[in-house]
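Engineer: Here it is, the structure in full.
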Protein chains: 2
Amino acid sequence: MDEVSYLAGYDPRRYPAVAVTVDVVALTIRDGKLCVLLVERGTQPYAGQRALPGGFVKNETLDEAALREFAEETGLTPGQGELGRVHLEQLKTYGDPDRDPRMRVISVAYLAFAPRLPEPTAGTDAARAYWVPVDEAKDLAFDHDDVLADGLERARDKLEYTPLATAFTDPEFTISELRHVYAAVWGEELHAGNFHRKVLSVPGFVEGTGRTTARGGDRGGPRAKLYQAGDARLLHPALLRPTREDRVR
Amino acid sequence: MDEVSYLAGYDPRRYPAVAVTVDVVALTIRDGKLCVLLVERGTQPYAGQRALPGGFVKNETLDEAALREFAEETGLTPGQGELGRVHLEQLKTYGDPDRDPRMRVISVAYLAFAPRLPEPTAGTDAARAYWVPVDEAKDLAFDHDDVLADGLERARDKLEYTPLATAFTDPEFTISELRHVYAAVWGEELHAGNFHRKVLSVPGFVEGTGRTTARGGDRGGPRAKLYQAGDARLLHPALLRPTREDRVR
DNA sequence: CGAATAGTGTCTGTGAGACAGTATGTT
DNA sequence: AACATACTGTCTCACAGACACTATTCG
């Protein structure tokens with residue numbers, strides 16, 4: 001029976017209550033490591049454990065709910081500055097009947113790619129959230145280990161065929177910085193020379209600004225040219241990560 | 001605030017009711033055309049219009065709800081025969097506040113790839129569902145036009161890097177039949193010779209059965225070898241569809 | 001026989017990856 | 001001076017796509 005004919009004679013109050021939340025897998029890169037935003041739980045169940053930030057969906061779209069939660073936890077002001085550069089996309093919905101011990105909770109998970117942000121300030125609502133390297137983010141509350149794993153997989157895939165790596169950088173970046181983003185997300189080093197040529201050869205991925213860095217690297221080397229994100233929304237050809245035969249079967 | 005601390009002191013009956021449904025974009029190929037399963041709506045709103053099959057989530061996982069809805073509308077018996085060959089995956093969740101005029105409805109959409117199925121029998125519950133070529137499926141109820149469009153996009157992408165085209169065929173198929181699946185989903189003809197060689201060169205995509213068709217094609221030609229799906233879960237290298245520059249920007 | 005199809009051989013252009021090499025910075 | 005880094009050149013192999021060709025079977 002489709003939702004509609006069903007709803008016609010439906011009194012929602014007679015059915016077991018269902019709650020809908022959004023949870024956000026917010027990723028950024030700090031000190032060359034891929035990090036995820038977590039909050040500490042204060043109440044039961046899972047008190048003291050860490051969880052993904054999230055909350056109830058109010059009278060708003062799902063996308064708006066996710067953006068609002070992200071802004072609240074990071075302390076950023078909606079519709080302003082850094083928040084505008086955050087990429088948010090829907091990831092997957094989790095709804096196993098027993099994923100929350102108290103009642104049926106359907107959670108729409110979102111994936112966020114954020115540039116390096118100021119540490120959430122103490123004293124604000126955002127104080128309880130902090131960035132954790134993804135390989136230290138284990139034993140999360142509820143099914144959030146699964147949600148995080150799905151988010152990481154999606155993020156790694158997206159770097160291959162979209163220019164979203166630039167969402168992790170400053171507006172102006174060097175090819176080397178971009179390579180470090182890929183290395184952090186994929187967890188493996190990339191050949192500097194080939195990566196450089198490849199990035200420049202993909203139409204619309206990056207465009208030069210004419211500027212260069214003020215000085216060379218900490219340990220020497222020439223000043224690097226600065227680039228900004230181009231207008232491509234898909235990379236063509238894609239930047240395939242080194243083939244892992246075990247990903248195939 | 002995360003979902004959890006919120007829920008601790010939460011009485012769901014005090015909040016506006018939210019309903020959660022699943023809707024299914026079920027695709028199959030009939031007469032060489034990609035078709036989607038639709039139902040005719042009997043009640044307001046959108047009475048008389050067509051919609052994707054769907055319904056309320058009961059005390060079950062979301063995946064189970066989607067499979068149940070699909071089985072109900074097609075008349076297939078759960079856990080049996082043809083139903084076991086259907087591929088089901090979560091597509092996306094739709095939850096705009098006004099997508100249903102009566103109340104807040106969050107819909108988790110699923111995508112199904114089905115082999116050619118018997119036409120739903122009259123006299124059963126499945127009688128009101130029928131297969132419609134996707135290019136004739138317009139003006140659907142609610143936001144189902146968007147859902148269908150998202151499902152088609154996902155299906156076209158999935159054929160590139162997974163062996164899911166075999167989910168549209170009989171268990172044993174010819175390379176030519178497989179090519180017609182790609183042609184139907186992508187909406188363009190493929191070079192027969194190159195496609196043939198490409199499919200056989202991808203490890204684990206198909207494996208020969210040693211058998212051949214009983215007779216050649218209707219209009220001549222040798223008997224074709226029969227293949228079955230291999231054990232690959234990802235195609236490597238992928239079967240990229242002809243490049244469309246406008247997909248990139 | 002004529003036509004359509006299954007399947008293979010071959011050539012060409014593109015791109016990925018390995019490697020080397022040059023120029024320009026740093027400590 | 002020693003070394004790291006930015007960036008470019010070159011070679012090789014894999015693969016996509018165009019095209020040609022043979023063999024088989026149907027009407």
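We name chains A, B, ... following the order of the structure tokens; residues begin at 1 in each chain, and ligands are numbered from 1 as shown.
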Determine which residues of chain A receive a DSSP assignment of alpha helix (DSSP H), computed from the backbone, and state them as a PyMOL selection string.

Structural biologist: chain A and resi 3-8+62-74+144-161+175-186+192-201

Engineer: Extract, using only C-alpha atoms (C1' of nucleotides), all DNA, RNA and protein residues at most 10 Å from D:DG17, discarding same-chain residues fewer than 3 positions from it, and format them as a list in words.

Structural biologist: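 My list of contacting residues is His191, Asn194 and Pro242 of chain B; DT12 and DG13 of chain C.
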
Engineer: Based on DSSP run over this structure's backbone, return all residues of stretch 20-235 of chain B in strand (DSSP E), as a PDB file with N, CA and C atoms, in the first residue's frame.

Structural biologist:
ATOM      1  N   VAL B  20       7.145   8.295   8.919  1.00  0.00           N
ATOM      2  CA  VAL B  20       8.273   7.823   8.112  1.00  0.00           C
ATOM      3  C   VAL B  20       7.789   6.741   7.162  1.00  0.00           C
ATOM      4  N   THR B  21       8.062   6.954   5.895  1.00  0.00           N
ATOM      5  CA  THR B  21       7.658   5.982   4.877  1.00  0.00           C
ATOM      6  C   THR B  21       8.875   5.551   4.066  1.00  0.00           C
ATOM      7  N   VAL B  22       8.716   4.476   3.317  1.00  0.00           N
ATOM      8  CA  VAL B  22       9.692   4.147   2.276  1.00  0.00           C
ATOM      9  C   VAL B  22       8.987   4.233   0.931  1.00  0.00           C
ATOM     10  N   ASP B  23       9.696   4.739  -0.055  1.00  0.00           N
ATOM     11  CA  ASP B  23       9.210   4.728  -1.438  1.00  0.00           C
ATOM     12  C   ASP B  23      10.246   4.012  -2.276  1.00  0.00           C
ATOM     13  N   VAL B  24       9.796   3.279  -3.272  1.00  0.00           N
ATOM     14  CA  VAL B  24      10.707   2.431  -4.035  1.00  0.00           C
ATOM     15  C   VAL B  24      10.725   2.843  -5.506  1.00  0.00           C
ATOM     16  N   VAL B  25      11.917   3.132  -6.012  1.00  0.00           N
ATOM     17  CA  VAL B  25      12.099   3.312  -7.453  1.00  0.00           C
ATOM     18  C   VAL B  25      12.540   1.963  -7.988  1.00  0.00           C
ATOM     19  N   ALA B  26      11.579   1.174  -8.488  1.00  0.00           N
ATOM     20  CA  ALA B  26      11.884  -0.173  -8.976  1.00  0.00           C
ATOM     21  C   ALA B  26      12.051  -0.121 -10.484  1.00  0.00           C
ATOM     22  N   LEU B  27      13.199  -0.534 -10.958  1.00  0.00           N
ATOM     23  CA  LEU B  27      13.495  -0.472 -12.385  1.00  0.00           C
ATOM     24  C   LEU B  27      13.613  -1.878 -12.970  1.00  0.00           C
ATOM     25  N   THR B  28      13.156  -2.007 -14.183  1.00  0.00           N
ATOM     26  CA  THR B  28      13.345  -3.250 -14.918  1.00  0.00           C
ATOM     27  C   THR B  28      13.421  -2.895 -16.393  1.00  0.00           C
ATOM     28  N   ILE B  29      13.671  -3.897 -17.223  1.00  0.00           N
ATOM     29  CA  ILE B  29      13.741  -3.645 -18.652  1.00  0.00           C
ATOM     30  C   ILE B  29      12.720  -4.516 -19.350  1.00  0.00           C
ATOM     31  N   ARG B  30      11.845  -3.882 -20.084  1.00  0.00           N
ATOM     32  CA  ARG B  30      10.804  -4.587 -20.836  1.00  0.00           C
ATOM     33  C   ARG B  30      10.852  -4.085 -22.269  1.00  0.00           C
ATOM     34  N   LYS B  33      13.196  -1.384 -23.167  1.00  0.00           N
ATOM     35  CA  LYS B  33      13.039  -0.053 -22.585  1.00  0.00           C
ATOM     36  C   LYS B  33      13.124  -0.120 -21.068  1.00  0.00           C
ATOM     37  N   LEU B  34      13.766   0.856 -20.492  1.00  0.00           N
ATOM     38  CA  LEU B  34      13.870   0.940 -19.040  1.00  0.00           C
ATOM     39  C   LEU B  34      12.523   1.377 -18.479  1.00  0.00           C
ATOM     40  N   CYS B  35      11.994   0.599 -17.533  1.00  0.00           N
ATOM     41  CA  CYS B  35      10.664   0.865 -16.993  1.00  0.00           C
ATOM     42  C   CYS B  35      10.715   0.983 -15.479  1.00  0.00           C
ATOM     43  N   VAL B  36       9.757   1.742 -14.950  1.00  0.00           N
ATOM     44  CA  VAL B  36       9.666   1.941 -13.505  1.00  0.00           C
ATOM     45  C   VAL B  36       8.281   1.493 -13.041  1.00  0.00           C
ATOM     46  N   LEU B  37       8.225   0.950 -11.848  1.00  0.00           N
ATOM     47  CA  LEU B  37       6.969   0.465 -11.288  1.00  0.00           C
ATOM     48  C   LEU B  37       6.196   1.630 -10.666  1.00  0.00           C
ATOM     49  N   LEU B  38       4.959   1.816 -11.097  1.00  0.00           N
ATOM     50  CA  LEU B  38       4.130   2.903 -10.563  1.00  0.00           C
ATOM     51  C   LEU B  38       2.796   2.355 -10.072  1.00  0.00           C
ATOM     52  N   VAL B  39       2.173   3.105  -9.190  1.00  0.00           N
ATOM     53  CA  VAL B  39       0.831   2.761  -8.734  1.00  0.00           C
ATOM     54  C   VAL B  39      -0.082   3.961  -8.993  1.00  0.00           C
ATOM     55  N   GLU B  40      -1.354   3.640  -9.180  1.00  0.00           N
ATOM     56  CA  GLU B  40      -2.334   4.703  -9.401  1.00  0.00           C
ATOM     57  C   GLU B  40      -2.915   5.112  -8.055  1.00  0.00           C
ATOM     58  N   ARG B  50      -0.237   9.211 -10.764  1.00  0.00           N
ATOM     59  CA  ARG B  50       0.592   8.035 -10.492  1.00  0.00           C
ATOM     60  C   ARG B  50       1.661   8.399  -9.467  1.00  0.00           C
ATOM     61  N   ALA B  51       2.113   7.393  -8.743  1.00  0.00           N
ATOM     62  CA  ALA B  51       3.120   7.605  -7.697  1.00  0.00           C
ATOM     63  C   ALA B  51       4.022   6.392  -7.617  1.00  0.00           C
ATOM     64  N   GLY B  54       5.043   2.646  -2.186  1.00  0.00           N
ATOM     65  CA  GLY B  54       5.666   2.934  -0.900  1.00  0.00           C
ATOM     66  C   GLY B  54       4.671   2.743   0.220  1.00  0.00           C
ATOM     67  N   GLY B  55       5.125   2.948   1.432  1.00  0.00           N
ATOM     68  CA  GLY B  55       4.237   2.798   2.567  1.00  0.00           C
ATOM     69  C   GLY B  55       4.955   3.022   3.873  1.00  0.00           C
ATOM     70  N   PHE B  56       4.223   2.895   4.929  1.00  0.00           N
ATOM     71  CA  PHE B  56       4.764   3.168   6.247  1.00  0.00           C
ATOM     72  C   PHE B  56       5.817   2.158   6.673  1.00  0.00           C
ATOM     73  N   HIS B  87      17.961  -6.546  -6.631  1.00  0.00           N
ATOM     74  CA  HIS B  87      18.927  -5.750  -5.891  1.00  0.00           C
ATOM     75  C   HIS B  87      18.239  -4.522  -5.335  1.00  0.00           C
ATOM     76  N   LEU B  88      18.369  -4.316  -4.026  1.00  0.00           N
ATOM     77  CA  LEU B  88      17.737  -3.175  -3.361  1.00  0.00           C
ATOM     78  C   LEU B  88      18.802  -2.376  -2.639  1.00  0.00           C
ATOM     79  N   GLU B  89      18.793  -1.069  -2.821  1.00  0.00           N
ATOM     80  CA  GLU B  89      19.724  -0.243  -2.061  1.00  0.00           C
ATOM     81  C   GLU B  89      19.061   1.081  -1.718  1.00  0.00           C
ATOM     82  N   GLN B  90      19.504   1.653  -0.609  1.00  0.00           N
ATOM     83  CA  GLN B  90      18.923   2.924  -0.197  1.00  0.00           C
ATOM     84  C   GLN B  90      19.377   4.018  -1.151  1.00  0.00           C
ATOM     85  N   LEU B  91      18.458   4.904  -1.511  1.00  0.00           N
ATOM     86  CA  LEU B  91      18.770   5.944  -2.480  1.00  0.00           C
ATOM     87  C   LEU B  91      19.012   7.280  -1.787  1.00  0.00           C
ATOM     88  N   LYS B  92      18.001   7.827  -1.170  1.00  0.00           N
ATOM     89  CA  LYS B  92      18.112   9.142  -0.560  1.00  0.00           C
ATOM     90  C   LYS B  92      16.855   9.374   0.258  1.00  0.00           C
ATOM     91  N   THR B  93      16.910  10.303   1.189  1.00  0.00           N
ATOM     92  CA  THR B  93      15.756  10.588   2.032  1.00  0.00           C
ATOM     93  C   THR B  93      15.219  11.973   1.720  1.00  0.00           C
ATOM     94  N   TYR B  94      13.915  12.055   1.606  1.00  0.00           N
ATOM     95  CA  TYR B  94      13.241  13.296   1.235  1.00  0.00           C
ATOM     96  C   TYR B  94      12.366  13.738   2.396  1.00  0.00           C
ATOM     97  N   ARG B 104       3.840  16.181   8.297  1.00  0.00           N
ATOM     98  CA  ARG B 104       5.255  16.009   8.012  1.00  0.00           C
ATOM     99  C   ARG B 104       5.535  14.534   7.727  1.00  0.00           C
ATOM    100  N   VAL B 105       5.970  14.264   6.516  1.00  0.00           N
ATOM    101  CA  VAL B 105       6.299  12.894   6.121  1.00  0.00           C
ATOM    102  C   VAL B 105       7.742  12.845   5.645  1.00  0.00           C
ATOM    103  N   ILE B 106       8.534  12.031   6.297  1.00  0.00           N
ATOM    104  CA  ILE B 106       9.907  11.793   5.869  1.00  0.00           C
ATOM    105  C   ILE B 106       9.905  10.500   5.077  1.00  0.00           C
ATOM    106  N   SER B 107      10.386  10.567   3.847  1.00  0.00           N
ATOM    107  CA  SER B 107      10.358   9.374   3.006  1.00  0.00           C
ATOM    108  C   SER B 107      11.768   8.918   2.669  1.00  0.00           C
ATOM    109  N   VAL B 108      12.066   7.670   3.023  1.00  0.00           N
ATOM    110  CA  VAL B 108      13.348   7.079   2.680  1.00  0.00           C
ATOM    111  C   VAL B 108      13.177   6.329   1.360  1.00  0.00           C
ATOM    112  N   ALA B 109      13.806   6.829   0.314  1.00  0.00           N
ATOM    113  CA  ALA B 109      13.620   6.224  -1.001  1.00  0.00           C
ATOM    114  C   ALA B 109      14.637   5.110  -1.225  1.00  0.00           C
ATOM    115  N   TYR B 110      14.187   4.063  -1.882  1.00  0.00           N
ATOM    116  CA  TYR B 110      15.042   2.935  -2.241  1.00  0.00           C
ATOM    117  C   TYR B 110      15.067   2.776  -3.744  1.00  0.00           C
ATOM    118  N   LEU B 111      16.160   2.179  -4.217  1.00  0.00           N
ATOM    119  CA  LEU B 111      16.319   1.883  -5.636  1.00  0.00           C
ATOM    120  C   LEU B 111      16.383   0.376  -5.797  1.00  0.00           C
ATOM    121  N   ALA B 112      15.571  -0.152  -6.717  1.00  0.00           N
ATOM    122  CA  ALA B 112      15.547  -1.600  -6.947  1.00  0.00           C
ATOM    123  C   ALA B 112      15.886  -1.897  -8.400  1.00  0.00           C
ATOM    124  N   PHE B 113      16.742  -2.897  -8.605  1.00  0.00           N
ATOM    125  CA  PHE B 113      17.042  -3.406  -9.938  1.00  0.00           C
ATOM    126  C   PHE B 113      16.425  -4.787 -10.037  1.00  0.00           C
ATOM    127  N   ALA B 129      -0.475  -2.021  -9.542  1.00  0.00           N
ATOM    128  CA  ALA B 129       0.862  -1.580  -9.934  1.00  0.00           C
ATOM    129  C   ALA B 129       1.166  -2.043 -11.353  1.00  0.00           C
ATOM    130  N   TYR B 130       1.921  -1.235 -12.076  1.00  0.00           N
ATOM    131  CA  TYR B 130       2.274  -1.628 -13.441  1.00  0.00           C
ATOM    132  C   TYR B 130       3.568  -0.936 -13.843  1.00  0.00           C
ATOM    133  N   TRP B 131       4.188  -1.501 -14.875  1.00  0.00           N
ATOM    134  CA  TRP B 131       5.472  -0.981 -15.346  1.00  0.00           C
ATOM    135  C   TRP B 131       5.257   0.070 -16.417  1.00  0.00           C
ATOM    136  N   VAL B 132       5.977   1.171 -16.298  1.00  0.00           N
ATOM    137  CA  VAL B 132       5.847   2.285 -17.242  1.00  0.00           C
ATOM    138  C   VAL B 132       7.241   2.669 -17.736  1.00  0.00           C
ATOM    139  N   PRO B 133       7.412   2.831 -19.045  1.00  0.00           N
ATOM    140  CA  PRO B 133       8.713   3.316 -19.547  1.00  0.00           C
ATOM    141  C   PRO B 133       9.073   4.626 -18.860  1.00  0.00           C
ATOM    142  N   VAL B 206      31.812 -11.356 -15.655  1.00  0.00           N
ATOM    143  CA  VAL B 206      31.005 -12.500 -16.104  1.00  0.00           C
ATOM    144  C   VAL B 206      31.909 -13.732 -16.188  1.00  0.00           C
ATOM    145  N   GLU B 207      31.278 -14.903 -16.076  1.00  0.00           N
ATOM    146  CA  GLU B 207      32.030 -16.131 -16.322  1.00  0.00           C
ATOM    147  C   GLU B 207      31.219 -17.034 -17.241  1.00  0.00           C
ATOM    148  N   GLY B 208      31.915 -17.678 -18.156  1.00  0.00           N
ATOM    149  CA  GLY B 208      31.255 -18.537 -19.137  1.00  0.00           C
ATOM    150  C   GLY B 208      30.644 -19.760 -18.496  1.00  0.00           C
ATOM    151  N   THR B 209      29.550 -20.242 -19.092  1.00  0.00           N
ATOM    152  CA  THR B 209      28.912 -21.446 -18.574  1.00  0.00           C
ATOM    153  C   THR B 209      29.208 -22.648 -19.469  1.00  0.00           C
ATOM    154  N   GLY B 210      29.787 -22.414 -20.617  1.00  0.00           N
ATOM    155  CA  GLY B 210      30.035 -23.500 -21.560  1.00  0.00           C
ATOM    156  C   GLY B 210      28.852 -23.732 -22.480  1.00  0.00           C
ATOM    157  N   ARG B 211      27.706 -23.187 -22.130  1.00  0.00           N
ATOM    158  CA  ARG B 211      26.516 -23.371 -22.956  1.00  0.00           C
ATOM    159  C   ARG B 211      26.378 -22.230 -23.967  1.00  0.00           C
ATOM    160  N   THR B 212      25.489 -22.454 -24.925  1.00  0.00           N
ATOM    161  CA  THR B 212      25.163 -21.409 -25.893  1.00  0.00           C
ATOM    162  C   THR B 212      23.651 -21.345 -26.049  1.00  0.00           C
ATOM    163  N   LYS B 225      27.389 -17.464 -26.906  1.00  0.00           N
ATOM    164  CA  LYS B 225      27.770 -18.127 -25.652  1.00  0.00           C
ATOM    165  C   LYS B 225      26.970 -17.529 -24.496  1.00  0.00           C
ATOM    166  N   LEU B 226      26.687 -18.376 -23.518  1.00  0.00           N
ATOM    167  CA  LEU B 226      25.953 -17.916 -22.338  1.00  0.00           C
ATOM    168  C   LEU B 226      26.905 -17.685 -21.171  1.00  0.00           C
ATOM    169  N   TYR B 227      26.627 -16.646 -20.426  1.00  0.00           N
ATOM    170  CA  TYR B 227      27.456 -16.294 -19.276  1.00  0.00           C
ATOM    171  C   TYR B 227      26.574 -16.140 -18.043  1.00  0.00           C
ATOM    172  N   GLN B 228      27.228 -16.179 -16.870  1.00  0.00           N
ATOM    173  CA  GLN B 228      26.531 -15.827 -15.628  1.00  0.00           C
ATOM    174  C   GLN B 228      27.369 -14.780 -14.908  1.00  0.00           C
ATOM    175  N   ALA B 229      26.768 -14.133 -13.928  1.00  0.00           N
ATOM    176  CA  ALA B 229      27.474 -13.087 -13.191  1.00  0.00           C
ATOM    177  C   ALA B 229      28.674 -13.674 -12.467  1.00  0.00           C
TER     178      ALA B 229
END

Engineer: Could you list, as a ChimeraX atom specification, every residue of chain D that has an atom within 8 Å of an atom of chain A, counting only C-alpha atoms (C1' of nucleotides)?

Structural biologist: /D:3-7

Engineer: Could the residues in this selection be written to a file with all heavy atoms, as an mmCIF file, in the first residue's frame?

Structural biologist:
data_model
loop_
_atom_site.group_PDB
_atom_site.id
_atom_site.type_symbol
_atom_site.label_atom_id
_atom_site.label_comp_id
_atom_site.auth_asym_id
_atom_site.auth_seq_id
_atom_site.Cartn_x
_atom_site.Cartn_y
_atom_site.Cartn_z
ATOM 1 P P DC D 3 73.014 16.115 2.568
ATOM 2 O OP1 DC D 3 73.241 15.084 3.604
ATOM 3 O OP2 DC D 3 73.374 15.877 1.146
ATOM 4 O "O5'" DC D 3 71.483 16.550 2.607
ATOM 5 C "C5'" DC D 3 71.058 17.491 3.574
ATOM 6 C "C4'" DC D 3 69.756 18.121 3.136
ATOM 7 O "O4'" DC D 3 70.006 19.260 2.263
ATOM 8 C "C3'" DC D 3 68.817 17.188 2.348
ATOM 9 O "O3'" DC D 3 67.548 17.215 2.945
ATOM 10 C "C2'" DC D 3 68.778 17.814 0.953
ATOM 11 C "C1'" DC D 3 68.967 19.288 1.309
ATOM 12 N N1 DC D 3 69.386 20.151 0.172
ATOM 13 C C2 DC D 3 68.737 21.373 -0.008
ATOM 14 O O2 DC D 3 67.848 21.715 0.776
ATOM 15 N N3 DC D 3 69.105 22.173 -1.049
ATOM 16 C C4 DC D 3 70.069 21.768 -1.883
ATOM 17 N N4 DC D 3 70.399 22.592 -2.875
ATOM 18 C C5 DC D 3 70.745 20.533 -1.712
ATOM 19 C C6 DC D 3 70.375 19.747 -0.677
ATOM 20 P P DA D 4 66.535 16.004 2.719
ATOM 21 O OP1 DA D 4 66.392 15.247 3.975
ATOM 22 O OP2 DA D 4 66.910 15.334 1.456
ATOM 23 O "O5'" DA D 4 65.176 16.787 2.465
ATOM 24 C "C5'" DA D 4 64.797 17.818 3.374
ATOM 25 C "C4'" DA D 4 63.947 18.823 2.633
ATOM 26 O "O4'" DA D 4 64.764 19.537 1.672
ATOM 27 C "C3'" DA D 4 62.788 18.211 1.856
ATOM 28 O "O3'" DA D 4 61.599 18.873 2.248
ATOM 29 C "C2'" DA D 4 63.130 18.456 0.395
ATOM 30 C "C1'" DA D 4 64.041 19.673 0.466
ATOM 31 N N9 DA D 4 65.021 19.754 -0.619
ATOM 32 C C8 DA D 4 65.963 18.826 -0.943
ATOM 33 N N7 DA D 4 66.721 19.174 -1.958
ATOM 34 C C5 DA D 4 66.242 20.417 -2.318
ATOM 35 C C6 DA D 4 66.627 21.328 -3.331
ATOM 36 N N6 DA D 4 67.625 21.101 -4.191
ATOM 37 N N1 DA D 4 65.951 22.491 -3.416
ATOM 38 C C2 DA D 4 64.952 22.711 -2.543
ATOM 39 N N3 DA D 4 64.503 21.943 -1.554
ATOM 40 C C4 DA D 4 65.200 20.799 -1.495
ATOM 41 P P DT D 5 60.198 18.267 1.895
ATOM 42 O OP1 DT D 5 59.316 18.543 3.042
ATOM 43 O OP2 DT D 5 60.390 16.911 1.370
ATOM 44 O "O5'" DT D 5 59.721 19.180 0.693
ATOM 45 C "C5'" DT D 5 59.742 20.593 0.834
ATOM 46 C "C4'" DT D 5 59.736 21.228 -0.530
ATOM 47 O "O4'" DT D 5 60.979 20.962 -1.201
ATOM 48 C "C3'" DT D 5 58.649 20.717 -1.487
ATOM 49 O "O3'" DT D 5 57.720 21.768 -1.681
ATOM 50 C "C2'" DT D 5 59.401 20.344 -2.762
ATOM 51 C "C1'" DT D 5 60.725 21.068 -2.575
ATOM 52 N N1 DT D 5 61.854 20.470 -3.322
ATOM 53 C C2 DT D 5 62.418 21.201 -4.332
ATOM 54 O O2 DT D 5 62.027 22.310 -4.650
ATOM 55 N N3 DT D 5 63.464 20.578 -4.987
ATOM 56 C C4 DT D 5 63.991 19.329 -4.704
ATOM 57 O O4 DT D 5 64.930 18.897 -5.356
ATOM 58 C C5 DT D 5 63.352 18.626 -3.628
ATOM 59 C C7 DT D 5 63.854 17.264 -3.250
ATOM 60 C C6 DT D 5 62.325 19.224 -2.989
ATOM 61 P P DA D 6 56.454 21.597 -2.616
ATOM 62 O OP1 DA D 6 55.368 22.419 -2.056
ATOM 63 O OP2 DA D 6 56.253 20.165 -2.885
ATOM 64 O "O5'" DA D 6 56.955 22.290 -3.969
ATOM 65 C "C5'" DA D 6 57.134 23.708 -4.014
ATOM 66 C "C4'" DA D 6 57.337 24.157 -5.459
ATOM 67 O "O4'" DA D 6 58.554 23.566 -5.968
ATOM 68 C "C3'" DA D 6 56.212 23.735 -6.415
ATOM 69 O "O3'" DA D 6 55.969 24.820 -7.301
ATOM 70 C "C2'" DA D 6 56.802 22.516 -7.130
ATOM 71 C "C1'" DA D 6 58.297 22.815 -7.142
ATOM 72 N N9 DA D 6 59.155 21.634 -7.081
ATOM 73 C C8 DA D 6 59.078 20.598 -6.197
ATOM 74 N N7 DA D 6 59.998 19.678 -6.364
ATOM 75 C C5 DA D 6 60.736 20.143 -7.433
ATOM 76 C C6 DA D 6 61.868 19.622 -8.109
ATOM 77 N N6 DA D 6 62.461 18.472 -7.788
ATOM 78 N N1 DA D 6 62.372 20.345 -9.141
ATOM 79 C C2 DA D 6 61.773 21.505 -9.458
ATOM 80 N N3 DA D 6 60.710 22.093 -8.899
ATOM 81 C C4 DA D 6 60.244 21.351 -7.884
ATOM 82 P P DC D 7 54.668 24.826 -8.228
ATOM 83 O OP1 DC D 7 54.391 26.205 -8.640
ATOM 84 O OP2 DC D 7 53.611 23.997 -7.623
ATOM 85 O "O5'" DC D 7 55.262 24.064 -9.485
ATOM 86 C "C5'" DC D 7 56.370 24.673 -10.180
ATOM 87 C "C4'" DC D 7 56.980 23.684 -11.139
ATOM 88 O "O4'" DC D 7 57.589 22.599 -10.444
ATOM 89 C "C3'" DC D 7 56.010 23.023 -12.121
ATOM 90 O "O3'" DC D 7 56.162 23.691 -13.371
ATOM 91 C "C2'" DC D 7 56.465 21.559 -12.153
ATOM 92 C "C1'" DC D 7 57.795 21.597 -11.406
ATOM 93 N N1 DC D 7 58.206 20.331 -10.749
ATOM 94 C C2 DC D 7 59.364 19.691 -11.186
ATOM 95 O O2 DC D 7 60.007 20.179 -12.121
ATOM 96 N N3 DC D 7 59.756 18.529 -10.589
ATOM 97 C C4 DC D 7 59.040 18.015 -9.590
ATOM 98 N N4 DC D 7 59.475 16.885 -9.042
ATOM 99 C C5 DC D 7 57.845 18.659 -9.114
ATOM 100 C C6 DC D 7 57.469 19.798 -9.714
#

Engineer: Counting only C-alpha atoms (C1' of nucleotides), what is within 12 Å of D:DC15, bar same-chain residues fewer than 3 positions away, as an NGL selection string?

Structural biologist: (:B and (194 or 197-198 or 201-202 or 236-240)) or (:C and (12-16))

Engineer: Using Å and a single decimal, report how far atom CA of B:Pro78 sits from atom CA of B:Arg41.

Structural biologist: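 We find that atom CA of B:Arg41 and atom CA of B:Pro78 lie 24.5 Å from each other.
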
Engineer: Each residue of chain C lying at most 6 Å from chain B should get a row with its shortest atom-to-atom pair and the distance in Å to one decimal, counting only C-alpha atoms (C1' of nucleotides); could you produce that, ordered by chain and increasing number, as a tab-separated table?

Structural biologist:
residue	atom	partner	partner_atom	distance
C:DA4	C1'	B:Gly220	CA	5.2
C:DT5	C1'	B:Gly221	CA	4.0
C:DA6	C1'	B:Pro222	CA	6.0

Engineer: Rank nothing, just name the residue among A:Val86, A:Ala167, A:Ala71, A:Val147 nearest to A:Leu52, using only C-alpha atoms.

Structural biologist: A:Val147

Engineer: Have a look at B:Asp145, B:Glu82, B:Glu72, B:Asp31 and name the one nearest to chain A; count only C-alpha atoms.

Structural biologist: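 For chain A, the nearest of the given residues is B:Glu72.
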
Engineer: Taking into account only C-alpha atoms, which residue in the set A:Tyr182, A:Thr162, A:Leu67, A:Leu148 is nearest to chain B?

Structural biologist: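 For chain B, the nearest of the given residues is A:Thr162.
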
Engineer: Would you work out the distance separating atom CA of B:Glu160 from atom C1' of D:DA18, expressed in Å to one decimal?

Structural biologist: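 Atom-to-atom, atom CA of B:Glu160 to atom C1' of D:DA18, that is 21.2 Å.
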
Engineer: Choose the residue, out of A:Leu190, A:Leu76, A:Leu83, A:Ala19, that has the smallest atom-to-atom separation from chain B; count only C-alpha atoms.

Structural biologist: A:Ala19

Engineer: So what do you get for atom CA of A:Glu153 versus atom CA of B:Arg233, distance-wise?

Structural biologist: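 Computing the Euclidean distance for atom CA of A:Glu153 and atom CA of B:Arg233 yields 15.4 Å.
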